[in-house]
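Raw coords04.txt, compact mmCIF, C-alpha atoms and all ligand atoms:
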```txt
# COMPACT_ATOMS: atom_id res chain seq x y z
CA ARG W 1 0.00 0.00 0.00
CA ASN W 2 1.22 3.47 -0.71
CA PHE W 3 -1.55 5.02 1.38
CA ALA W 4 -1.64 4.15 5.08
CA GLY W 5 -5.18 5.38 5.60
CA ASP W 6 -5.46 8.82 7.26
CA LEU W 7 -7.65 11.10 5.19
CA GLN W 8 -8.33 14.75 5.81
CA ILE W 9 -10.84 16.92 4.03
CA SER W 10 -10.11 20.55 4.67
CA LYS W 11 -12.46 23.44 3.76
CA VAL W 12 -13.43 21.72 0.53
CA ASN W 13 -15.87 23.49 -1.79
CA LYS W 14 -17.33 22.54 -5.14
CA TRP W 15 -19.03 24.90 -7.52
CA TYR W 16 -20.48 23.55 -10.72
CA PRO W 17 -21.14 25.88 -13.65
CA GLY W 18 -24.38 27.78 -13.20
CA ASP W 19 -23.49 28.77 -9.62
CA VAL W 20 -24.35 25.37 -8.14
CA HIS W 21 -22.58 25.24 -4.77
CA ALA W 22 -22.67 21.44 -4.38
CA VAL W 23 -20.22 21.06 -1.46
CA LYS W 24 -19.71 23.78 1.14
CA ASP W 25 -16.69 24.21 3.42
CA MET W 26 -16.45 20.50 4.08
CA ASP W 27 -14.15 19.59 6.97
CA MET W 28 -13.54 16.04 8.08
CA GLU W 29 -10.80 13.95 9.59
CA ILE W 30 -10.90 10.25 8.91
CA LYS W 31 -8.59 7.78 10.61
CA ARG W 32 -7.05 4.69 9.16
CA GLY W 33 -9.35 1.68 9.20
CA GLU W 34 -12.56 3.61 9.81
CA PHE W 35 -15.81 2.78 8.03
CA ILE W 36 -17.27 6.18 7.26
CA VAL W 37 -20.74 6.63 5.82
CA PHE W 38 -21.79 9.78 3.96
CA VAL W 39 -25.55 9.95 4.30
CA GLY W 40 -28.06 12.54 3.19
CA PRO W 41 -30.96 13.06 0.79
CA SER W 42 -30.53 12.86 -2.95
CA GLY W 43 -28.72 15.89 -4.36
CA CYS W 44 -26.99 16.85 -1.09
CA GLY W 45 -23.49 16.50 -2.55
CA LYS W 46 -22.38 13.01 -1.45
CA THR W 47 -21.26 11.80 -4.87
CA THR W 48 -19.53 15.07 -5.64
CA LEU W 49 -17.54 14.88 -2.41
CA LEU W 50 -16.64 11.25 -3.01
CA ARG W 51 -15.50 11.99 -6.56
CA MET W 52 -13.31 14.83 -5.32
CA ILE W 53 -11.69 12.42 -2.85
CA ALA W 54 -11.17 9.98 -5.71
CA GLY W 55 -9.71 12.67 -7.95
CA LEU W 56 -12.46 12.24 -10.53
CA GLU W 57 -13.79 15.74 -9.95
CA SER W 58 -11.75 18.93 -9.58
CA ILE W 59 -11.79 20.71 -6.22
CA SER W 60 -12.96 24.34 -6.44
CA SER W 61 -11.23 25.27 -3.18
CA GLY W 62 -9.82 23.53 -0.13
CA GLU W 63 -7.70 20.42 0.14
CA VAL W 64 -7.94 16.65 0.18
CA ILE W 65 -5.04 15.35 2.26
CA MET W 66 -3.94 11.72 2.36
CA ASP W 67 -1.40 10.71 5.01
CA GLY W 68 -0.60 14.38 5.48
CA ARG W 69 0.02 15.06 1.79
CA THR W 70 -2.26 17.28 -0.30
CA VAL W 71 -3.41 15.25 -3.28
CA ASN W 72 -5.56 17.81 -5.12
CA GLN W 73 -3.36 17.49 -8.19
CA VAL W 74 -2.71 13.74 -7.95
CA PRO W 75 -4.52 11.79 -10.70
CA PRO W 76 -6.97 9.07 -9.56
CA LYS W 77 -4.75 6.19 -10.59
CA ASN W 78 -2.02 7.40 -8.23
CA ARG W 79 -4.29 7.78 -5.19
CA ASP W 80 -4.30 4.11 -4.15
CA ILE W 81 -8.09 3.97 -4.12
CA ALA W 82 -10.71 1.58 -5.43
CA MET W 83 -14.29 2.51 -6.16
CA VAL W 84 -17.58 0.64 -6.47
CA PHE W 85 -20.59 2.43 -7.92
CA GLN W 86 -24.29 1.74 -8.08
CA ASN W 87 -24.05 1.05 -11.79
CA TYR W 88 -21.08 -1.23 -11.69
CA ALA W 89 -19.54 -1.86 -15.08
CA LEU W 90 -18.19 -5.32 -15.64
CA TYR W 91 -16.78 -6.40 -18.97
CA PRO W 92 -19.65 -8.49 -20.40
CA ASN W 93 -17.62 -10.91 -22.48
CA MET W 94 -15.03 -11.68 -19.87
CA LYS W 95 -15.19 -14.54 -17.44
CA VAL W 96 -15.65 -13.63 -13.80
CA LYS W 97 -12.04 -14.50 -13.00
CA ASP W 98 -10.74 -12.22 -15.75
CA ASN W 99 -13.04 -9.42 -14.69
CA ILE W 100 -11.69 -9.69 -11.15
CA ALA W 101 -8.07 -9.91 -12.31
CA PHE W 102 -8.36 -7.01 -14.75
CA PRO W 103 -6.94 -4.27 -12.46
CA LEU W 104 -3.90 -6.47 -11.76
CA LYS W 105 -3.38 -7.01 -15.47
CA MET W 106 -3.43 -3.24 -15.95
CA GLN W 107 -0.64 -3.06 -13.38
CA HIS W 108 1.33 -5.69 -15.33
CA ILE W 109 1.23 -8.16 -12.48
CA GLY W 110 2.19 -11.67 -13.60
CA LYS W 111 -0.22 -14.53 -14.22
CA THR W 112 0.77 -16.66 -11.23
CA GLU W 113 0.33 -13.80 -8.79
CA ARG W 114 -2.92 -12.82 -10.48
CA GLU W 115 -4.38 -16.29 -10.11
CA LYS W 116 -3.33 -16.47 -6.49
CA ARG W 117 -4.96 -13.15 -5.68
CA VAL W 118 -8.15 -14.01 -7.59
CA ALA W 119 -8.44 -17.26 -5.63
CA GLU W 120 -7.97 -15.37 -2.37
CA VAL W 121 -10.57 -12.73 -3.03
CA ALA W 122 -13.01 -15.19 -4.63
CA GLN W 123 -12.92 -17.25 -1.48
CA LYS W 124 -13.61 -14.22 0.72
CA LEU W 125 -16.64 -13.29 -1.37
CA GLU W 126 -17.79 -16.85 -2.06
CA LEU W 127 -17.27 -16.53 -5.78
CA ASP W 128 -15.18 -19.69 -6.22
CA ALA W 129 -17.89 -21.56 -8.06
CA LEU W 130 -18.54 -18.72 -10.50
CA LEU W 131 -15.04 -17.92 -11.70
CA GLU W 132 -15.45 -19.58 -15.10
CA ARG W 133 -18.81 -17.97 -15.88
CA LYS W 134 -19.41 -14.92 -17.98
CA GLN W 135 -21.05 -11.97 -16.29
CA GLY W 136 -24.24 -12.30 -18.36
CA ALA W 137 -24.91 -15.55 -16.50
CA LEU W 138 -24.85 -13.88 -13.09
CA SER W 139 -27.61 -12.54 -10.85
CA GLY W 140 -27.59 -8.91 -9.68
CA GLY W 141 -26.14 -9.86 -6.31
CA GLN W 142 -23.42 -12.00 -7.86
CA ARG W 143 -22.47 -9.19 -10.20
CA GLN W 144 -22.19 -6.77 -7.34
CA ARG W 145 -19.99 -9.27 -5.53
CA VAL W 146 -17.75 -9.51 -8.58
CA ALA W 147 -17.55 -5.71 -8.68
CA LEU W 148 -16.50 -5.73 -5.02
CA ALA W 149 -13.91 -8.41 -5.70
CA ARG W 150 -12.50 -6.45 -8.61
CA ALA W 151 -12.24 -3.32 -6.46
CA MET W 152 -10.60 -5.18 -3.58
CA ILE W 153 -8.07 -7.17 -5.49
CA ARG W 154 -5.62 -4.31 -5.74
CA LYS W 155 -5.64 -4.08 -1.93
CA PRO W 156 -6.30 -0.34 -2.05
CA GLY W 157 -5.47 2.01 0.81
CA LEU W 158 -8.88 3.62 0.48
CA PHE W 159 -12.13 2.01 -0.55
CA LEU W 160 -14.88 4.29 -1.92
CA MET W 161 -18.40 3.00 -2.50
CA ASP W 162 -21.23 5.04 -3.96
CA GLU W 163 -24.64 3.48 -3.22
CA PRO W 164 -23.35 0.06 -4.28
CA LEU W 165 -26.47 -1.76 -3.09
CA ALA W 166 -29.11 0.61 -4.44
CA ASN W 167 -30.09 -1.68 -7.32
CA LEU W 168 -30.53 -4.82 -5.23
CA ASP W 169 -33.73 -6.07 -3.63
CA ALA W 170 -34.22 -5.65 0.12
CA LYS W 171 -33.17 -9.13 1.20
CA LEU W 172 -30.02 -9.18 -0.87
CA ARG W 173 -29.20 -5.67 0.28
CA THR W 174 -29.23 -6.81 3.91
CA GLU W 175 -27.00 -9.78 3.10
CA MET W 176 -24.51 -7.71 1.12
CA ARG W 177 -24.49 -5.07 3.84
CA ARG W 178 -23.20 -7.68 6.27
CA GLU W 179 -20.69 -9.02 3.79
CA ILE W 180 -19.25 -5.59 3.15
CA ILE W 181 -18.93 -4.91 6.88
CA THR W 182 -17.19 -8.24 7.49
CA LEU W 183 -14.89 -7.76 4.54
CA GLN W 184 -13.92 -4.26 5.57
CA ARG W 185 -13.13 -5.42 9.10
CA GLU W 186 -11.00 -8.24 7.81
CA LEU W 187 -9.06 -6.01 5.44
CA GLY W 188 -8.90 -3.00 7.76
CA VAL W 189 -9.09 -0.67 4.76
CA THR W 190 -10.27 2.87 5.36
CA THR W 191 -13.66 2.96 3.69
CA ILE W 192 -16.13 5.64 2.68
CA TYR W 193 -19.60 4.40 1.86
CA VAL W 194 -22.21 6.71 0.34
CA THR W 195 -25.92 6.09 0.84
CA HIS W 196 -29.22 7.93 1.21
CA ASP W 197 -30.49 5.09 3.40
CA GLN W 198 -30.32 5.87 7.09
CA THR W 199 -30.56 2.19 8.07
CA GLU W 200 -27.42 1.43 6.07
CA ALA W 201 -25.75 4.44 7.68
CA MET W 202 -26.69 3.39 11.22
CA THR W 203 -25.70 -0.25 10.79
CA MET W 204 -22.53 0.09 8.72
CA GLY W 205 -20.70 3.21 9.79
CA THR W 206 -18.20 3.41 12.62
CA ARG W 207 -18.88 7.11 12.09
CA ILE W 208 -21.52 8.82 10.02
CA ALA W 209 -21.30 12.13 8.18
CA VAL W 210 -24.81 13.54 7.80
CA ILE W 211 -24.93 15.94 4.86
CA SER W 212 -27.69 18.25 3.71
CA GLY W 213 -27.53 20.97 1.07
CA GLY W 214 -23.79 20.43 0.61
CA VAL W 215 -23.17 21.16 4.29
CA LEU W 216 -21.88 18.70 6.89
CA GLN W 217 -24.59 18.70 9.55
CA GLN W 218 -22.97 16.30 11.98
CA PHE W 219 -20.10 13.83 12.06
CA GLY W 220 -20.17 11.19 14.78
CA THR W 221 -20.84 7.61 15.79
CA PRO W 222 -24.34 6.26 15.11
CA GLN W 223 -25.08 6.36 18.85
CA GLU W 224 -23.95 9.99 19.23
CA ILE W 225 -26.07 11.05 16.30
CA TYR W 226 -29.13 9.15 17.48
CA ARG W 227 -28.84 10.43 21.06
CA ASN W 228 -27.65 13.97 20.44
CA PRO W 229 -28.62 15.10 16.96
CA ALA W 230 -27.04 18.47 16.19
CA ASN W 231 -30.21 19.93 14.72
CA LEU W 232 -33.75 19.12 13.66
CA PHE W 233 -32.68 17.95 10.22
CA VAL W 234 -30.37 15.32 11.69
CA ALA W 235 -32.96 14.34 14.29
CA GLY W 236 -35.56 13.72 11.61
CA PHE W 237 -33.26 12.06 9.11
CA ILE W 238 -31.44 9.60 11.39
CA GLY W 239 -33.29 7.13 13.55
CA SER W 240 -37.01 6.88 13.57
CA PRO W 241 -39.39 7.99 10.88
CA ASN W 242 -42.36 9.82 12.43
CA MET W 243 -40.18 11.93 14.69
CA ASN W 244 -42.47 14.16 16.79
CA VAL W 245 -41.57 17.85 16.64
CA TRP W 246 -43.39 20.73 18.31
CA ASP W 247 -43.08 24.46 18.75
CA THR W 248 -43.09 24.84 22.46
CA GLU W 249 -41.84 26.86 25.37
CA LEU W 250 -39.42 26.05 28.12
CA ILE W 251 -40.45 27.55 31.41
CA SER W 252 -38.69 27.51 34.76
CA ASN W 253 -40.22 27.45 38.18
CA ASN W 254 -38.09 27.21 41.33
CA GLY W 255 -35.23 25.65 39.41
CA GLN W 256 -37.50 23.07 37.81
CA HIS W 257 -37.96 23.17 34.04
CA TYR W 258 -41.16 22.37 32.20
CA LEU W 259 -42.11 22.11 28.58
CA THR W 260 -45.54 23.31 27.64
CA LEU W 261 -47.37 21.08 25.21
CA GLY W 262 -50.83 22.50 24.75
CA ASN W 263 -52.39 22.16 28.17
CA ALA W 264 -49.83 19.68 29.40
CA ARG W 265 -46.67 20.52 31.28
CA ILE W 266 -43.88 18.03 30.84
CA PRO W 267 -41.35 18.14 33.68
CA MET W 268 -37.83 18.22 32.26
CA GLY W 269 -35.73 17.84 35.43
CA LYS W 270 -32.65 19.94 35.89
CA SER W 271 -30.01 18.18 33.87
CA GLY W 272 -27.86 20.50 31.84
CA LEU W 273 -30.67 22.66 30.49
CA ASP W 274 -29.36 25.88 32.05
CA ALA W 275 -25.92 25.19 30.63
CA ARG W 276 -27.37 24.99 27.11
CA GLY W 277 -28.88 28.43 27.52
CA LEU W 278 -32.24 27.31 26.20
CA GLN W 279 -35.28 29.25 27.25
CA GLY W 280 -38.50 30.68 25.96
CA PRO W 281 -39.83 29.56 22.57
CA ILE W 282 -37.99 26.49 21.31
CA LYS W 283 -38.60 23.37 19.29
CA ALA W 284 -38.89 20.07 21.09
CA GLY W 285 -38.67 16.66 19.50
CA ILE W 286 -39.13 13.15 20.76
CA ARG W 287 -38.68 9.88 18.92
CA PRO W 288 -41.87 7.78 18.81
CA GLU W 289 -40.11 4.94 20.64
CA HIS W 290 -39.59 7.28 23.60
CA ILE W 291 -43.30 7.75 24.15
CA VAL W 292 -44.72 4.90 26.22
CA PRO W 293 -48.12 3.75 27.48
CA ALA W 294 -48.73 4.90 31.05
CA ALA W 295 -51.05 4.06 33.91
CA PRO W 296 -53.97 6.50 34.33
CA ASP W 297 -52.84 7.30 37.87
CA ASP W 298 -49.29 8.17 36.74
CA PRO W 299 -49.01 11.88 37.70
CA HIS W 300 -47.30 12.63 34.38
CA ALA W 301 -49.63 10.61 32.20
CA VAL W 302 -51.20 12.45 29.28
CA ARG W 303 -54.58 11.39 27.96
CA MET W 304 -54.81 10.98 24.19
CA LYS W 305 -57.02 9.26 21.66
CA ILE W 306 -55.86 6.61 19.20
CA SER W 307 -56.57 7.74 15.63
CA ILE W 308 -54.72 5.04 13.73
CA LEU W 309 -53.00 1.89 14.91
CA GLU W 310 -50.51 0.10 12.67
CA ASN W 311 -49.33 -3.16 14.14
CA THR W 312 -46.67 -4.91 12.05
CA GLY W 313 -46.45 -7.87 14.43
CA ARG W 314 -43.01 -6.64 15.41
CA GLU W 315 -44.11 -3.28 16.79
CA ALA W 316 -47.14 -1.03 16.96
CA ALA W 317 -47.16 2.51 15.57
CA VAL W 318 -49.90 4.42 17.37
CA PHE W 319 -51.04 7.75 15.96
CA LEU W 320 -52.49 9.84 18.76
CA THR W 321 -54.64 12.95 18.86
CA GLY W 322 -55.38 15.05 21.88
CA ALA W 323 -57.92 17.68 22.81
CA ASP W 324 -55.50 20.27 24.15
CA ILE W 325 -52.22 18.74 23.20
CA PRO W 326 -50.59 18.35 19.78
CA ASP W 327 -50.84 15.11 17.83
CA MET W 328 -48.05 12.61 18.30
CA THR W 329 -46.89 9.19 17.24
CA MET W 330 -45.86 6.47 19.65
CA VAL W 331 -44.07 3.28 18.65
CA THR W 332 -44.45 0.53 21.19
CA GLY W 333 -44.53 -3.24 21.56
CA ALA W 334 -46.69 -5.33 19.24
CA ASP W 335 -48.60 -6.53 22.31
CA PHE W 336 -50.13 -3.06 22.66
CA SER W 337 -53.82 -3.71 23.14
CA GLY W 338 -55.53 -0.45 22.17
CA ARG W 339 -57.91 0.06 19.26
CA ALA W 340 -58.56 3.04 16.99
CA GLY W 341 -61.02 5.41 18.66
CA GLN W 342 -60.01 4.39 22.17
CA GLU W 343 -58.53 6.66 24.78
CA VAL W 344 -55.09 5.87 26.07
CA TYR W 345 -52.68 7.27 28.64
CA ILE W 346 -49.12 7.89 27.55
CA ARG W 347 -45.97 9.36 28.99
CA LEU W 348 -43.02 11.12 27.35
CA LYS W 349 -39.65 10.03 28.68
CA PRO W 350 -38.31 13.45 29.68
CA GLU W 351 -34.64 12.46 29.41
CA LYS W 352 -35.24 11.54 25.77
CA ILE W 353 -36.78 14.84 24.73
CA LEU W 354 -34.56 16.74 22.30
CA LEU W 355 -34.54 20.51 22.46
CA PHE W 356 -33.49 22.88 19.70
CA ASN W 357 -33.36 26.64 19.42
CA THR W 358 -35.81 27.95 16.86
CA GLU W 359 -33.73 29.04 13.87
P1 LIG T 1 -25.92 13.18 -4.22
O1 LIG T 1 -24.85 12.22 -4.63
O2 LIG T 1 -25.93 13.46 -2.75
O3 LIG T 1 -27.27 12.81 -4.72
P2 LIG T 1 -24.59 14.99 -6.09
O4 LIG T 1 -23.21 15.14 -5.55
O5 LIG T 1 -24.77 14.07 -7.22
O6 LIG T 1 -25.58 14.62 -4.88
O7 LIG T 1 -25.12 16.41 -6.52
C1 LIG T 1 -25.01 17.56 -5.71
C2 LIG T 1 -25.54 18.78 -6.45
O8 LIG T 1 -24.68 19.08 -7.52
C3 LIG T 1 -26.91 18.58 -7.05
O9 LIG T 1 -27.59 19.81 -6.96
C4 LIG T 1 -26.61 18.23 -8.48
O10 LIG T 1 -27.66 18.63 -9.33
C5 LIG T 1 -25.36 19.06 -8.75
N1 LIG T 1 -24.48 18.43 -9.74
C6 LIG T 1 -23.93 17.20 -9.66
N2 LIG T 1 -23.15 16.95 -10.73
C7 LIG T 1 -23.19 18.07 -11.51
C8 LIG T 1 -22.60 18.46 -12.76
N3 LIG T 1 -21.76 17.64 -13.39
N4 LIG T 1 -22.89 19.68 -13.24
C9 LIG T 1 -23.72 20.52 -12.58
N5 LIG T 1 -24.31 20.23 -11.41
C10 LIG T 1 -24.06 19.01 -10.87
MG MG T 2 -25.07 10.35 -5.58
```
Spell out the structure here as structure tokens.
Ligand code: ADP
Ligand code: MG
Amino acid sequence: RNFAGDLQISKVNKWYPGDVHAVKDMDMEIKRGEFIVFVGPSGCGKTTLLRMIAGLESISSGEVIMDGRTVNQVPPKNRDIAMVFQNYALYPNMKVKDNIAFPLKMQHIGKTEREKRVAEVAQKLELDALLERKQGALSGGQRQRVALARAMIRKPGLFLMDEPLANLDAKLRTEMRREIITLQRELGVTTIYVTHDQTEAMTMGTRIAVISGGVLQQFGTPQEIYRNPANLFVAGFIGSPNMNVWDTELISNNGQHYLTLGNARIPMGKSGLDARGLQGPIKAGIRPEHIVPAAPDDPHAVRMKISILENTGREAAVFLTGADIPDMTMVTGADFSGRAGQEVYIRLKPEKILLFNTE
């Protein structure tokens, strides 16, 4: 390897013609061996950033630094990277083994070494039985595995993947997700994986970069981002769909903080709220899994009415309306026994409530 694995992205910007500011002041430090996921909605600049790291796209300003060396002017083939895209291109008339070996051939590596490396990588990706086939005879998942094998065989210092599983069906996607994670761990190659799918981000990344509108919103471990989202965008994008968000007010009384939610007052305890300088009109959010059924005599129970109940057998999503309290969604165990139209008592776990300044 000529790249050990430390990657730094420093104040990187990309303008496309027509004043499109696709990537804005991007700053990131990635350590050797990390599995980094770039996640964000379509058009947020993920591919552009990845292509700048690869050297396939010019950098308008800022620097991409590999092992401490600025590589802005280094052509892709000298960056020690391998890439896998959504629309992987295999050579249709070549056998699988020749497709996989192709990058080695380009490097003028001898036949014996090539065959050894193909056997190695084919075993890792369970492609042994397919080596003599042509790519036309392969399923979508097998093709994607061949594309991975071909990218890996050069033993790159940096592995870049742009939505590599987007064209596969859900079951295969889950399988390949696990294979990629296992493979990356085994090889210890610094990896950047681009996706718009927050489940892939949460399950694959050692750290996740959440991007929106070309701007890095938050960079952290999945747990950090789930527990302490930097802003409402991140809170809504990562974790649960049906995030509950309200305009509300934080009021203090004898050192105790309360949130007002319609007629209800939710006690917030004392933890750290003063330090964050939050007061007055704010936005409050709570994930639906942090709203729970409560006993009617629970002093903090809130009475609501079930409007819709969706029970998947694994969990129940309960859409709630209230007379003097905003609507909310609760996700609870599948054994939840309520019915649409019924009244129900619920409780918000105060330590799970997320507070944001109104922007
Ligand atoms: P993502 O991969 O997150 O979907 P992209 O990096 O492809 O986002 O695109 C980011 C923004 O840059 C979008 O607004 C897109 O339309 C624009 N863009 C991407 N490629 C080009 C290009 N070659 N010329 C002009 N605009 C582009
Ligand atoms: Mg893209």
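Comparing W:Gln123, W:Asn311, W:Asn231, W:Asn263 by their smallest distance to Ile153 of chain W, the closest is W:Gln123 (using all atoms listed in the file).
Nearest to Met330 of chain W of all the residues W:Val292, W:Val20, W:Leu160, W:Ala301 is W:Val292, counting all atoms listed in the file.
The spacing separating atom CA of Arg178 of chain W from atom CA of Tyr193 of chain W amounts to 13.4 Å.
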Discussion item. At a cut-off of 10 Å around ligand LIG 1 (chain T), and using only C-alpha atoms and all ligand atoms, what residues come up? Please write them as an MDAnalysis selection string.
Written reply: chainID W and resid 14:23 38:52 57 162:163 194:196 211:214
- With a distance cut-off of 10 Å and all atoms listed in the file, select the neighbouring residues of Met26 of chain W, excluding the residue or stretch itself and same-chain residues fewer than 4 positions from it, and output the selection as a list in words. Ile9, Ser10, Lys11, Val12, Asn13, Lys14, Leu49, Gly62, Glu63, Ile211, Gly214, Val215, Leu216 and Gln217 of chain W
Let me see the file: selected residues, C-alpha atoms, as a PDB file, in the frame of the given file.
```
ATOM      1  CA  ILE W   9     -10.840  16.920   4.030  1.00  0.00           C
ATOM      2  CA  SER W  10     -10.110  20.550   4.670  1.00  0.00           C
ATOM      3  CA  LYS W  11     -12.460  23.440   3.760  1.00  0.00           C
ATOM      4  CA  VAL W  12     -13.430  21.720   0.530  1.00  0.00           C
ATOM      5  CA  ASN W  13     -15.870  23.490  -1.790  1.00  0.00           C
ATOM      6  CA  LYS W  14     -17.330  22.540  -5.140  1.00  0.00           C
ATOM      7  CA  LEU W  49     -17.540  14.880  -2.410  1.00  0.00           C
ATOM      8  CA  GLY W  62      -9.820  23.530  -0.130  1.00  0.00           C
ATOM      9  CA  GLU W  63      -7.700  20.420   0.140  1.00  0.00           C
ATOM     10  CA  ILE W 211     -24.930  15.940   4.860  1.00  0.00           C
ATOM     11  CA  GLY W 214     -23.790  20.430   0.610  1.00  0.00           C
ATOM     12  CA  VAL W 215     -23.170  21.160   4.290  1.00  0.00           C
ATOM     13  CA  LEU W 216     -21.880  18.700   6.890  1.00  0.00           C
ATOM     14  CA  GLN W 217     -24.590  18.700   9.550  1.00  0.00           C
TER      15      GLN W 217
END
```
For segment 134-145 of chain W, where the input has fewer atoms than it should, I would like N, CA and C atoms rebuilt and written as a PDB file, keeping the file's coordinate frame.
```pdb
ATOM      1  N   LYS W 134     -19.426 -16.275 -17.455  1.00  0.00           N
ATOM      2  CA  LYS W 134     -19.410 -14.920 -17.980  1.00  0.00           C
ATOM      3  C   LYS W 134     -20.423 -14.087 -17.199  1.00  0.00           C
ATOM      4  N   GLN W 135     -20.228 -12.784 -17.195  1.00  0.00           N
ATOM      5  CA  GLN W 135     -21.050 -11.970 -16.290  1.00  0.00           C
ATOM      6  C   GLN W 135     -22.530 -11.975 -16.652  1.00  0.00           C
ATOM      7  N   GLY W 136     -22.842 -12.239 -17.948  1.00  0.00           N
ATOM      8  CA  GLY W 136     -24.240 -12.300 -18.360  1.00  0.00           C
ATOM      9  C   GLY W 136     -25.006 -13.398 -17.643  1.00  0.00           C
ATOM     10  N   ALA W 137     -24.276 -14.410 -17.168  1.00  0.00           N
ATOM     11  CA  ALA W 137     -24.910 -15.550 -16.500  1.00  0.00           C
ATOM     12  C   ALA W 137     -25.047 -15.332 -15.000  1.00  0.00           C
ATOM     13  N   LEU W 138     -24.826 -14.120 -14.528  1.00  0.00           N
ATOM     14  CA  LEU W 138     -24.850 -13.880 -13.090  1.00  0.00           C
ATOM     15  C   LEU W 138     -26.097 -13.123 -12.659  1.00  0.00           C
ATOM     16  N   SER W 139     -26.504 -13.321 -11.419  1.00  0.00           N
ATOM     17  CA  SER W 139     -27.610 -12.540 -10.850  1.00  0.00           C
ATOM     18  C   SER W 139     -27.068 -11.167 -10.428  1.00  0.00           C
ATOM     19  N   GLY W 140     -27.985 -10.259 -10.094  1.00  0.00           N
ATOM     20  CA  GLY W 140     -27.590  -8.910  -9.680  1.00  0.00           C
ATOM     21  C   GLY W 140     -26.648  -8.933  -8.482  1.00  0.00           C
ATOM     22  N   GLY W 141     -26.968  -9.780  -7.507  1.00  0.00           N
ATOM     23  CA  GLY W 141     -26.140  -9.860  -6.310  1.00  0.00           C
ATOM     24  C   GLY W 141     -24.763 -10.411  -6.605  1.00  0.00           C
ATOM     25  N   GLN W 142     -24.725 -11.412  -7.490  1.00  0.00           N
ATOM     26  CA  GLN W 142     -23.420 -12.000  -7.860  1.00  0.00           C
ATOM     27  C   GLN W 142     -22.563 -10.979  -8.592  1.00  0.00           C
ATOM     28  N   ARG W 143     -23.211 -10.222  -9.474  1.00  0.00           N
ATOM     29  CA  ARG W 143     -22.470  -9.190 -10.200  1.00  0.00           C
ATOM     30  C   ARG W 143     -21.872  -8.164  -9.253  1.00  0.00           C
ATOM     31  N   GLN W 144     -22.678  -7.771  -8.272  1.00  0.00           N
ATOM     32  CA  GLN W 144     -22.190  -6.770  -7.340  1.00  0.00           C
ATOM     33  C   GLN W 144     -21.027  -7.331  -6.532  1.00  0.00           C
ATOM     34  N   ARG W 145     -21.086  -8.624  -6.249  1.00  0.00           N
ATOM     35  CA  ARG W 145     -19.990  -9.270  -5.530  1.00  0.00           C
ATOM     36  C   ARG W 145     -18.717  -9.304  -6.385  1.00  0.00           C
TER      37      ARG W 145
END
```
